[in-house]
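Here is final-v7.txt, consisting of compact mmCIF, C-alpha atoms and all ligand atoms:
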```txt
# COMPACT_ATOMS: atom_id res chain seq x y z
CA MET X 166 125.97 124.37 84.56
CA ASP X 167 123.50 122.17 86.52
CA GLU X 168 121.48 123.94 89.17
CA ARG X 169 121.68 122.47 92.65
CA SER X 170 118.68 120.32 93.59
CA ARG X 171 116.38 121.66 96.25
CA ILE X 172 114.86 119.20 98.71
CA LEU X 173 112.27 119.91 101.37
CA LEU X 174 112.68 117.67 104.41
CA ILE X 175 109.46 117.39 106.40
CA TYR X 176 109.63 116.02 109.93
CA THR X 177 106.46 114.44 111.34
CA GLY X 178 107.92 112.63 114.37
CA GLY X 179 109.03 109.11 115.18
CA THR X 180 112.18 107.45 116.39
CA ILE X 181 114.41 108.88 113.67
CA GLY X 182 114.16 112.37 115.14
CA MET X 183 115.03 111.41 118.69
CA VAL X 184 118.13 111.57 120.80
CA HIS X 185 118.96 109.89 124.05
CA ASP X 186 118.73 112.23 127.03
CA HIS X 187 121.45 110.81 129.27
CA GLU X 188 120.33 112.62 132.41
CA ARG X 189 116.79 111.29 132.29
CA ASP X 190 117.59 108.09 130.35
CA VAL X 191 114.70 108.63 127.90
CA LEU X 192 114.33 109.20 124.17
CA LEU X 193 113.30 112.77 123.34
CA PRO X 194 112.63 114.50 120.01
CA PHE X 195 115.52 116.85 119.16
CA ARG X 196 115.05 120.33 117.76
CA PHE X 197 114.78 119.67 114.08
CA GLU X 198 116.82 122.73 113.12
CA GLN X 199 119.73 120.87 114.73
CA LEU X 200 119.50 118.04 112.19
CA LEU X 201 122.70 119.08 110.44
CA ASP X 202 124.57 118.84 113.77
CA HIS X 203 123.47 115.23 114.10
CA VAL X 204 124.02 114.32 110.45
CA PRO X 205 126.97 116.46 109.33
CA GLU X 206 127.28 114.18 106.27
CA LEU X 207 124.37 116.12 104.76
CA LYS X 208 126.62 119.17 104.39
CA ALA X 209 128.73 117.22 101.88
CA PHE X 210 125.77 116.89 99.50
CA ASP X 211 125.63 119.23 96.55
CA ILE X 212 121.95 119.72 97.38
CA ASP X 213 120.05 122.53 99.10
CA ILE X 214 118.09 121.00 101.95
CA GLU X 215 115.47 122.96 103.82
CA THR X 216 113.59 121.62 106.79
CA ILE X 217 110.10 122.10 108.08
CA GLN X 218 107.95 120.21 110.53
CA LEU X 219 104.27 119.43 111.09
CA SER X 220 102.41 121.66 113.53
CA ARG X 221 102.28 118.66 115.86
CA ILE X 222 105.15 116.17 116.09
CA VAL X 223 103.74 112.73 116.81
CA ASP X 224 104.74 109.21 117.52
CA SER X 225 103.24 107.74 114.37
CA SER X 226 100.77 105.69 116.40
CA ASP X 227 99.04 109.06 116.86
CA MET X 228 99.00 109.80 113.12
CA ARG X 229 95.55 110.94 111.95
CA PRO X 230 93.93 111.86 108.63
CA GLU X 231 93.93 115.55 109.62
CA LEU X 232 97.75 115.40 109.75
CA TRP X 233 97.79 113.79 106.28
CA VAL X 234 95.74 116.75 105.09
CA GLU X 235 98.27 119.11 106.69
CA LEU X 236 101.13 117.22 105.00
CA VAL X 237 99.41 117.41 101.63
CA GLY X 238 98.81 121.13 102.19
CA LEU X 239 102.54 121.63 102.87
CA ILE X 240 103.50 119.73 99.72
CA GLU X 241 100.96 121.66 97.65
CA HIS X 242 102.18 124.99 99.02
CA HIS X 243 105.85 124.21 98.34
CA TYR X 244 105.45 122.04 95.24
CA ALA X 245 106.88 124.50 92.74
CA ASP X 246 109.85 125.45 94.95
CA TYR X 247 111.53 122.06 95.38
CA ASP X 248 112.73 119.17 93.23
CA GLY X 249 111.65 116.57 95.74
CA PHE X 250 110.27 115.95 99.21
CA VAL X 251 111.54 113.69 101.98
CA ILE X 252 109.22 112.91 104.88
CA LEU X 253 110.63 111.64 108.16
CA HIS X 254 107.99 109.51 109.84
CA GLY X 255 107.67 106.99 112.65
CA THR X 256 107.73 103.48 111.31
CA ASP X 257 104.58 102.19 113.02
CA THR X 258 102.11 103.79 110.59
CA LEU X 259 104.50 104.90 107.87
CA ALA X 260 102.93 102.47 105.37
CA PHE X 261 99.49 104.03 105.98
CA THR X 262 100.80 107.56 105.42
CA ALA X 263 102.69 106.52 102.28
CA SER X 264 99.54 104.87 100.90
CA ALA X 265 97.31 107.81 101.85
CA LEU X 266 99.65 110.34 100.20
CA SER X 267 99.72 108.32 96.99
CA PHE X 268 95.94 108.81 96.70
CA MET X 269 95.89 112.37 98.00
CA VAL X 270 98.57 113.66 95.60
CA GLN X 271 98.00 112.22 92.13
CA GLY X 272 99.93 112.77 88.93
CA LEU X 273 103.26 113.54 90.60
CA SER X 274 106.21 114.78 88.59
CA LYS X 275 108.47 114.93 91.68
CA PRO X 276 109.42 112.36 94.32
CA ILE X 277 107.92 112.15 97.78
CA VAL X 278 110.13 109.73 99.72
CA LEU X 279 109.21 108.60 103.23
CA THR X 280 111.74 107.18 105.61
CA GLY X 281 112.33 106.65 109.30
CA SER X 282 114.46 104.41 111.45
CA GLN X 283 114.40 101.70 114.05
CA LEU X 284 117.06 103.43 116.20
CA PRO X 285 117.17 107.19 116.90
CA ILE X 286 119.45 109.24 114.72
CA GLY X 287 121.42 110.31 117.78
CA MET X 288 122.50 106.75 118.62
CA ILE X 289 125.79 105.33 117.42
CA ARG X 290 124.29 102.23 115.74
CA THR X 291 121.44 104.15 114.17
CA ASP X 292 120.01 103.03 110.86
CA GLY X 293 118.57 106.53 110.49
CA LYS X 294 121.60 108.17 108.87
CA GLU X 295 121.81 105.84 105.89
CA ASN X 296 118.04 105.91 105.46
CA LEU X 297 117.96 109.71 105.52
CA ILE X 298 121.00 110.26 103.31
CA THR X 299 119.87 107.83 100.61
CA ALA X 300 116.26 109.04 100.75
CA ILE X 301 117.55 112.56 100.00
CA GLU X 302 119.71 111.24 97.18
CA VAL X 303 116.72 109.40 95.66
CA ALA X 304 114.50 112.48 95.97
CA SER X 305 117.03 114.56 94.06
CA THR X 306 117.85 112.05 91.31
CA LYS X 307 116.90 113.09 87.78
CA LYS X 308 117.26 111.62 84.32
CA PHE X 309 117.10 113.95 81.33
CA GLU X 310 115.88 116.79 83.61
CA GLU X 311 112.98 114.69 84.93
CA ALA X 312 112.64 113.14 88.37
CA LEU X 313 113.43 109.44 88.23
CA ILE X 314 110.89 108.56 90.94
CA PRO X 315 107.81 110.72 90.32
CA GLU X 316 105.75 108.99 92.97
CA VAL X 317 105.33 108.37 96.69
CA ALA X 318 108.02 105.90 97.72
CA VAL X 319 109.47 104.47 100.91
CA TYR X 320 113.22 104.10 101.40
CA PHE X 321 114.31 101.79 104.19
CA GLU X 322 117.37 99.64 104.78
CA TYR X 323 118.86 99.66 101.28
CA ARG X 324 115.51 99.29 99.48
CA LEU X 325 113.33 101.80 97.69
CA MET X 326 109.74 100.61 97.44
CA ARG X 327 106.45 101.92 96.06
CA GLY X 328 104.74 103.67 98.98
CA ASN X 329 101.34 102.08 98.60
CA ARG X 330 102.84 98.58 98.31
CA VAL X 331 104.74 98.46 101.60
CA THR X 332 103.80 97.01 104.91
CA LYS X 333 105.66 97.13 108.23
CA TYR X 334 106.91 93.65 108.71
CA SER X 335 109.33 93.78 111.63
CA ALA X 336 109.42 95.69 114.90
CA GLU X 337 112.96 94.47 115.46
CA HIS X 338 114.98 94.23 112.28
CA PHE X 339 116.44 97.14 110.37
CA ASP X 340 114.68 95.91 107.21
CA ALA X 341 111.32 96.79 108.74
CA PHE X 342 109.36 97.12 105.50
CA HIS X 343 108.53 94.70 102.73
CA SER X 344 106.77 95.12 99.40
CA PRO X 345 105.34 91.63 98.96
CA ASN X 346 103.41 92.16 95.72
CA TYR X 347 105.54 94.64 93.80
CA PRO X 348 109.27 94.60 93.00
CA ASN X 349 111.57 97.08 94.72
CA LEU X 350 112.01 100.32 92.78
CA ALA X 351 115.71 100.44 93.59
CA GLU X 352 118.34 98.76 95.70
CA ALA X 353 121.24 100.52 97.34
CA GLY X 354 124.61 98.83 97.48
CA VAL X 355 127.83 100.33 96.24
CA ASP X 356 125.57 101.91 93.60
CA LEU X 357 121.93 102.85 93.71
CA VAL X 358 120.47 100.48 91.13
CA TYR X 359 117.04 101.43 89.81
CA ASN X 360 114.54 98.84 88.58
CA HIS X 361 113.53 100.85 85.50
CA PRO X 362 110.66 98.71 84.12
CA TYR X 363 108.78 99.14 87.41
CA LEU X 364 109.09 102.93 87.82
CA ARG X 365 106.10 105.20 87.23
CA HIS X 366 106.03 107.80 84.48
CA SER X 367 106.04 111.45 85.33
CA GLY X 368 102.66 113.16 85.63
CA PRO X 369 101.78 116.65 84.41
CA GLU X 370 103.59 119.73 85.78
CA GLN X 371 100.98 120.19 88.47
CA PRO X 372 99.57 117.19 90.36
CA THR X 373 96.04 117.10 91.73
CA PHE X 374 95.63 117.39 95.49
CA HIS X 375 92.72 115.57 97.15
CA LYS X 376 92.08 116.51 100.75
CA HIS X 377 88.69 114.95 101.41
CA ILE X 378 88.82 111.81 103.47
CA GLU X 379 86.00 109.65 104.83
CA GLU X 380 87.02 108.65 108.34
CA GLN X 381 84.05 106.36 109.03
CA ILE X 382 85.83 103.19 107.98
CA ALA X 383 85.89 99.87 109.83
CA LEU X 384 87.83 96.64 109.62
CA LEU X 385 86.25 93.20 109.91
CA LYS X 386 89.05 90.68 110.36
CA LEU X 387 87.83 87.12 110.00
CA PHE X 388 88.86 84.21 112.19
CA PRO X 389 87.42 80.73 112.52
CA GLY X 390 84.35 80.86 114.75
CA ILE X 391 83.76 84.62 114.51
CA SER X 392 80.39 85.27 116.16
CA GLU X 393 77.29 86.85 114.68
CA ASP X 394 77.60 89.55 117.33
CA ALA X 395 81.14 90.45 116.31
CA VAL X 396 80.20 90.53 112.61
CA ASN X 397 77.11 92.66 113.22
CA CYS X 398 78.92 94.98 115.58
CA ILE X 399 81.12 96.05 112.65
CA LEU X 400 78.64 95.78 109.79
CA GLN X 401 75.77 97.51 111.56
CA GLY X 402 77.86 100.37 112.92
CA ASN X 403 78.26 103.84 111.42
CA ALA X 404 81.05 102.95 109.00
CA GLN X 405 80.39 103.94 105.39
CA GLY X 406 83.06 101.54 104.22
CA VAL X 407 84.29 98.25 105.67
CA ILE X 408 87.41 96.29 104.84
CA LEU X 409 86.68 92.58 104.98
CA GLU X 410 90.02 91.06 105.92
CA SER X 411 89.50 87.60 104.52
CA PHE X 412 91.39 84.31 104.41
CA GLY X 413 93.78 83.24 101.66
CA ALA X 414 92.64 84.18 98.17
CA GLY X 415 89.74 86.24 99.56
CA ASN X 416 87.69 83.55 101.25
CA GLY X 417 85.23 83.59 104.16
CA PRO X 418 82.71 81.41 105.93
CA THR X 419 79.76 80.18 103.84
CA SER X 420 77.27 80.27 106.74
CA PRO X 421 73.93 81.90 105.90
CA MET X 422 74.35 84.18 108.94
CA PHE X 423 77.60 85.62 107.58
CA LEU X 424 76.45 86.02 103.98
CA ARG X 425 73.15 87.58 105.12
CA ALA X 426 74.99 90.10 107.31
CA LEU X 427 77.23 91.11 104.38
CA LYS X 428 74.26 91.45 102.00
CA THR X 429 72.26 93.55 104.46
CA ALA X 430 75.24 95.88 104.88
CA VAL X 431 75.78 96.28 101.11
CA ASP X 432 72.04 96.75 100.50
CA SER X 433 72.00 99.50 103.11
CA GLY X 434 74.62 101.43 101.10
CA LYS X 435 77.88 100.39 102.74
CA THR X 436 80.94 99.68 100.61
CA ILE X 437 82.77 96.46 101.46
CA LEU X 438 86.29 95.93 100.11
CA ASN X 439 87.84 92.48 100.35
CA ILE X 440 91.55 92.38 101.30
CA SER X 441 93.39 89.17 102.10
CA GLN X 442 95.03 88.50 105.46
CA CYS X 443 97.94 87.04 103.47
CA LEU X 444 100.72 89.49 102.75
CA ALA X 445 101.49 88.08 99.32
CA GLY X 446 99.09 87.06 96.58
CA SER X 447 95.70 88.32 95.58
CA VAL X 448 91.98 88.20 96.31
CA GLN X 449 90.24 86.20 93.59
CA HIS X 450 86.48 86.08 93.98
CA GLY X 451 85.04 82.75 92.89
CA ARG X 452 88.28 80.81 92.84
CA TYR X 453 86.94 78.85 95.81
CA ALA X 454 83.32 78.20 96.72
CA THR X 455 84.04 80.17 99.90
CA SER X 456 84.14 83.45 97.97
CA ALA X 457 81.68 82.51 95.21
CA ALA X 458 78.84 84.60 96.67
CA PHE X 459 80.88 87.77 97.18
CA ASP X 460 80.54 89.27 93.69
CA GLU X 461 76.81 88.68 93.69
CA ILE X 462 76.40 90.34 97.09
CA GLY X 463 78.32 93.36 95.80
CA ILE X 464 81.58 92.97 97.71
CA ILE X 465 84.48 94.56 95.85
CA SER X 466 87.72 92.66 95.36
CA GLY X 467 90.81 94.43 96.69
CA GLY X 468 93.05 92.36 94.38
CA ASP X 469 96.65 92.36 95.61
CA MET X 470 96.45 95.58 97.66
CA THR X 471 98.01 95.75 101.11
CA LEU X 472 95.71 96.37 104.06
CA GLU X 473 97.23 99.84 104.46
CA SER X 474 96.49 100.64 100.86
CA GLY X 475 92.96 99.22 101.06
CA ILE X 476 92.06 101.27 104.14
CA THR X 477 93.45 104.57 102.85
CA LYS X 478 92.06 104.02 99.34
CA LEU X 479 88.61 103.39 100.81
CA MET X 480 88.95 106.61 102.86
CA HIS X 481 90.00 108.52 99.74
CA VAL X 482 87.40 107.08 97.38
CA LEU X 483 84.48 107.47 99.81
CA GLY X 484 85.64 111.01 100.57
CA ASN X 485 85.68 112.03 96.92
CA TYR X 486 83.09 109.98 94.98
CA SER X 487 79.46 109.08 95.46
CA GLY X 488 77.17 106.46 93.98
CA ALA X 489 77.83 102.71 94.23
CA GLU X 490 79.00 102.35 90.60
CA ALA X 491 81.50 105.24 90.68
CA ILE X 492 82.89 104.02 94.01
CA LYS X 493 83.27 100.47 92.72
CA GLU X 494 84.96 101.63 89.52
CA LYS X 495 87.50 103.72 91.44
CA LEU X 496 88.26 100.96 93.93
CA LEU X 497 88.89 98.49 91.10
CA GLU X 498 91.08 100.94 89.21
CA SER X 499 94.79 101.34 89.92
CA ILE X 500 94.97 104.99 90.96
CA ALA X 501 98.66 105.12 91.86
CA GLY X 502 100.05 101.68 91.07
CA GLU X 503 98.60 100.19 94.25
CA ARG X 504 97.08 97.11 92.56
CA ASP X 505 97.52 95.02 89.45
N1 LIG U 601 106.63 104.37 117.74
C1 LIG U 601 107.51 104.93 116.77
C2 LIG U 601 106.67 105.63 115.70
O1 LIG U 601 106.14 104.98 114.85
C3 LIG U 601 108.36 103.87 116.16
C4 LIG U 601 109.30 104.34 115.10
O2 LIG U 601 109.45 105.50 114.80
O3 LIG U 601 109.96 103.48 114.51
O4 LIG U 601 106.55 106.83 115.74
```

Can I see the file as structure tokens?
Amino acid sequence: MDERSRILLIYTGGTIGMVHDHERDVLLPFRFEQLLDHVPELKAFDIDIETIQLSRIVDSSDMRPELWVELVGLIEHHYADYDGFVILHGTDTLAFTASALSFMVQGLSKPIVLTGSQLPIGMIRTDGKENLITAIEVASTKKFEEALIPEVAVYFEYRLMRGNRVTKYSAEHFDAFHSPNYPNLAEAGVDLVYNHPYLRHSGPEQPTFHKHIEEQIALLKLFPGISEDAVNCILQGNAQGVILESFGAGNGPTSPMFLRALKTAVDSGKTILNISQCLAGSVQHGRYATSAAFDEIGIISGGDMTLESGITKLMHVLGNYSGAEAIKEKLLESIAGERD
């Protein structure tokens, strides 16, 4: 006889865990132990669901690396006891947390599925119930005794996506997340249909947990006419790593001022990772003259990574590796399916 699956549901905050307080006409977080009262459908599952929450429940705009470390600690502590993990998270920075977790927990043999909602779970038209119920189903799905999704994934509005490939695309629509450069892992209709060629293979029994994070990261987003002051303000600051958010296929201005500022930063030991402002497509150094100098200066191509993935990967790599060559090699490698 099959044993019942065991799922750990971790609540971090966000709209999904809120109810409308009619007296005060505000949205308030509900006591998480009351989840089953709000989603009685969960009792119909042949799955054991236990719930736990972060020490601090936050609107995800207040998410911080120290809370990622706490989340990873919880998963590490409970890893052997559950078949899968579902994380309820605010949508605003959910893509960052999903990306960060994919680098902080490597070699997964069990699913970590993040979800949230655009409307609180206590509201009649909520999208939260379907998101939560299907996320739990995904986290407990096995094939030949092995988890079908042994990776960090995001389930939202009928789509399961690789966690480090998603970006929040809409503040309004229920399909808030897109995965522009990687196919969906599954789609939910009458059936849950998995996209088998694109699923990751299971890692070893025990994953590796990486809790060091470099927080001194900065973002230099280009725009036509960006001033020397603005460029230097970012490149001459304390950041150990800078994301250069470039145009199109990874392009930037060819002015000597700009190229000199980049070279000075790289020569002083900073890591610069080039991520495109475009959601779809890839950085390709040298395709246009406007990125021809980047390889020579020592700027690292972020390929087709999302901005969320680029930022959290830079935090992870700089927190765990030293030496320009080792850092470059790791950034160019696909650690958790985040880049081609
Ligand atoms: N501000 C909320 C959050 O990200 C929005 C949401 O949950 O959708 O926590």

TODO: Counting all atoms listed in the file, name the residues that have an atom within 10 Å of an atom of ligand LIG 601 (chain U); the answer should be given as a PyMOL selection string.
DONE: chain X and resi 177-183+222-228+253-259+280-285+293+333+336-337+339+341

Task: Counting all atoms listed in the file, the option among X:Arg425, X:Arg196, X:Arg330, X:Lys308 closest to Gly475 of chain X - done: X:Arg330

TODO: Can you work out which one of X:Ala260, X:Phe342, X:Tyr176, X:Phe388 has the shortest atom-to-atom distance to Ser220 of chain X, counting only C-alpha atoms?
DONE: X:Tyr176

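Of the listed residues (X:Gln218, X:Gln371, X:Thr436, X:Ser392), X:Thr436 comes nearest to Ala491 of chain X; the distances count all atoms listed in the file.
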
- [ ] Scan for residues within 12 Å of the point (102.7, 118.9, 80.9) in the coordinates of the file, using only C-alpha atoms, and reply as a PyMOL selection string.
- [x] chain X and resi 272-274+311+367-372

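The space separating atom CA of Ala414 of chain X from atom CA of Asn346 of chain X comes to 13.6 Å.
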
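Here the question is which of X:Glu393, X:Arg189, X:Ser487, X:Glu503 gets nearest to Ala318 of chain X using only C-alpha atoms, and that residue is X:Glu503.
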
Open item on the list: Would you pick out the contacts of His450 of chain X at 12 Å or less, using only C-alpha atoms, so that residues sharing its chain but fewer than 3 positions from it are not included, and give the list as a PyMOL selection string?
Closed with: chain X and resi 411-417+438-441+447+453-468

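Atom pair atom CA of Phe261 of chain X / atom CA of Thr332 of chain X has a distance of 8.3 Å (rounded to one decimal).
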
Open item on the list: Which residue is closest to Phe250 of chain X? Choose from X:Arg504, X:Arg171, X:Arg327, X:Arg229 and count all atoms listed in the file.
Closed with: X:Arg171

- [ ] Would you kindly identify which residues have an atom no farther than 7 Å from (82.7, 94.2, 114.5), using only C-alpha atoms and the file's own coordinates, and write them out as a PyMOL selection string?
- [x] chain X and resi 385+395-400

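Distance-wise, atom CA of Ile314 of chain X and atom CA of His366 of chain X end up 8.1 Å apart.
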
Contact check, segment 188-278 of chain X to segment 493-501 of chain X, at most 8 Å, counting all atoms listed in the file, closest pairs as JSON lines:
```
{"residue": "X:Ser267", "atom": "CA", "partner": "X:Ala501", "partner_atom": "CA", "distance": 6.1}
{"residue": "X:Phe268", "atom": "CA", "partner": "X:Ala501", "partner_atom": "CA", "distance": 6.7}
{"residue": "X:Gln271", "atom": "CA", "partner": "X:Ala501", "partner_atom": "CA", "distance": 7.1}
```

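Across X:Ala209, X:Ala404, X:Ala430, X:Leu200, the tightest approach to Leu483 of chain X is made by X:Ala404 when counting all atoms listed in the file.
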
To test the calculation: enclose all listed atoms of segment 243-248 of chain X in a box whose edges run along x, y and z, add 5 Å on each side, then state centre and edge lengths in Å to one decimal, as AutoDock Vina command-line options.
```
--center_x 109.1 --center_y 122.3 --center_z 95.5 --size_x 17.3 --size_y 16.3 --size_z 15.6
```
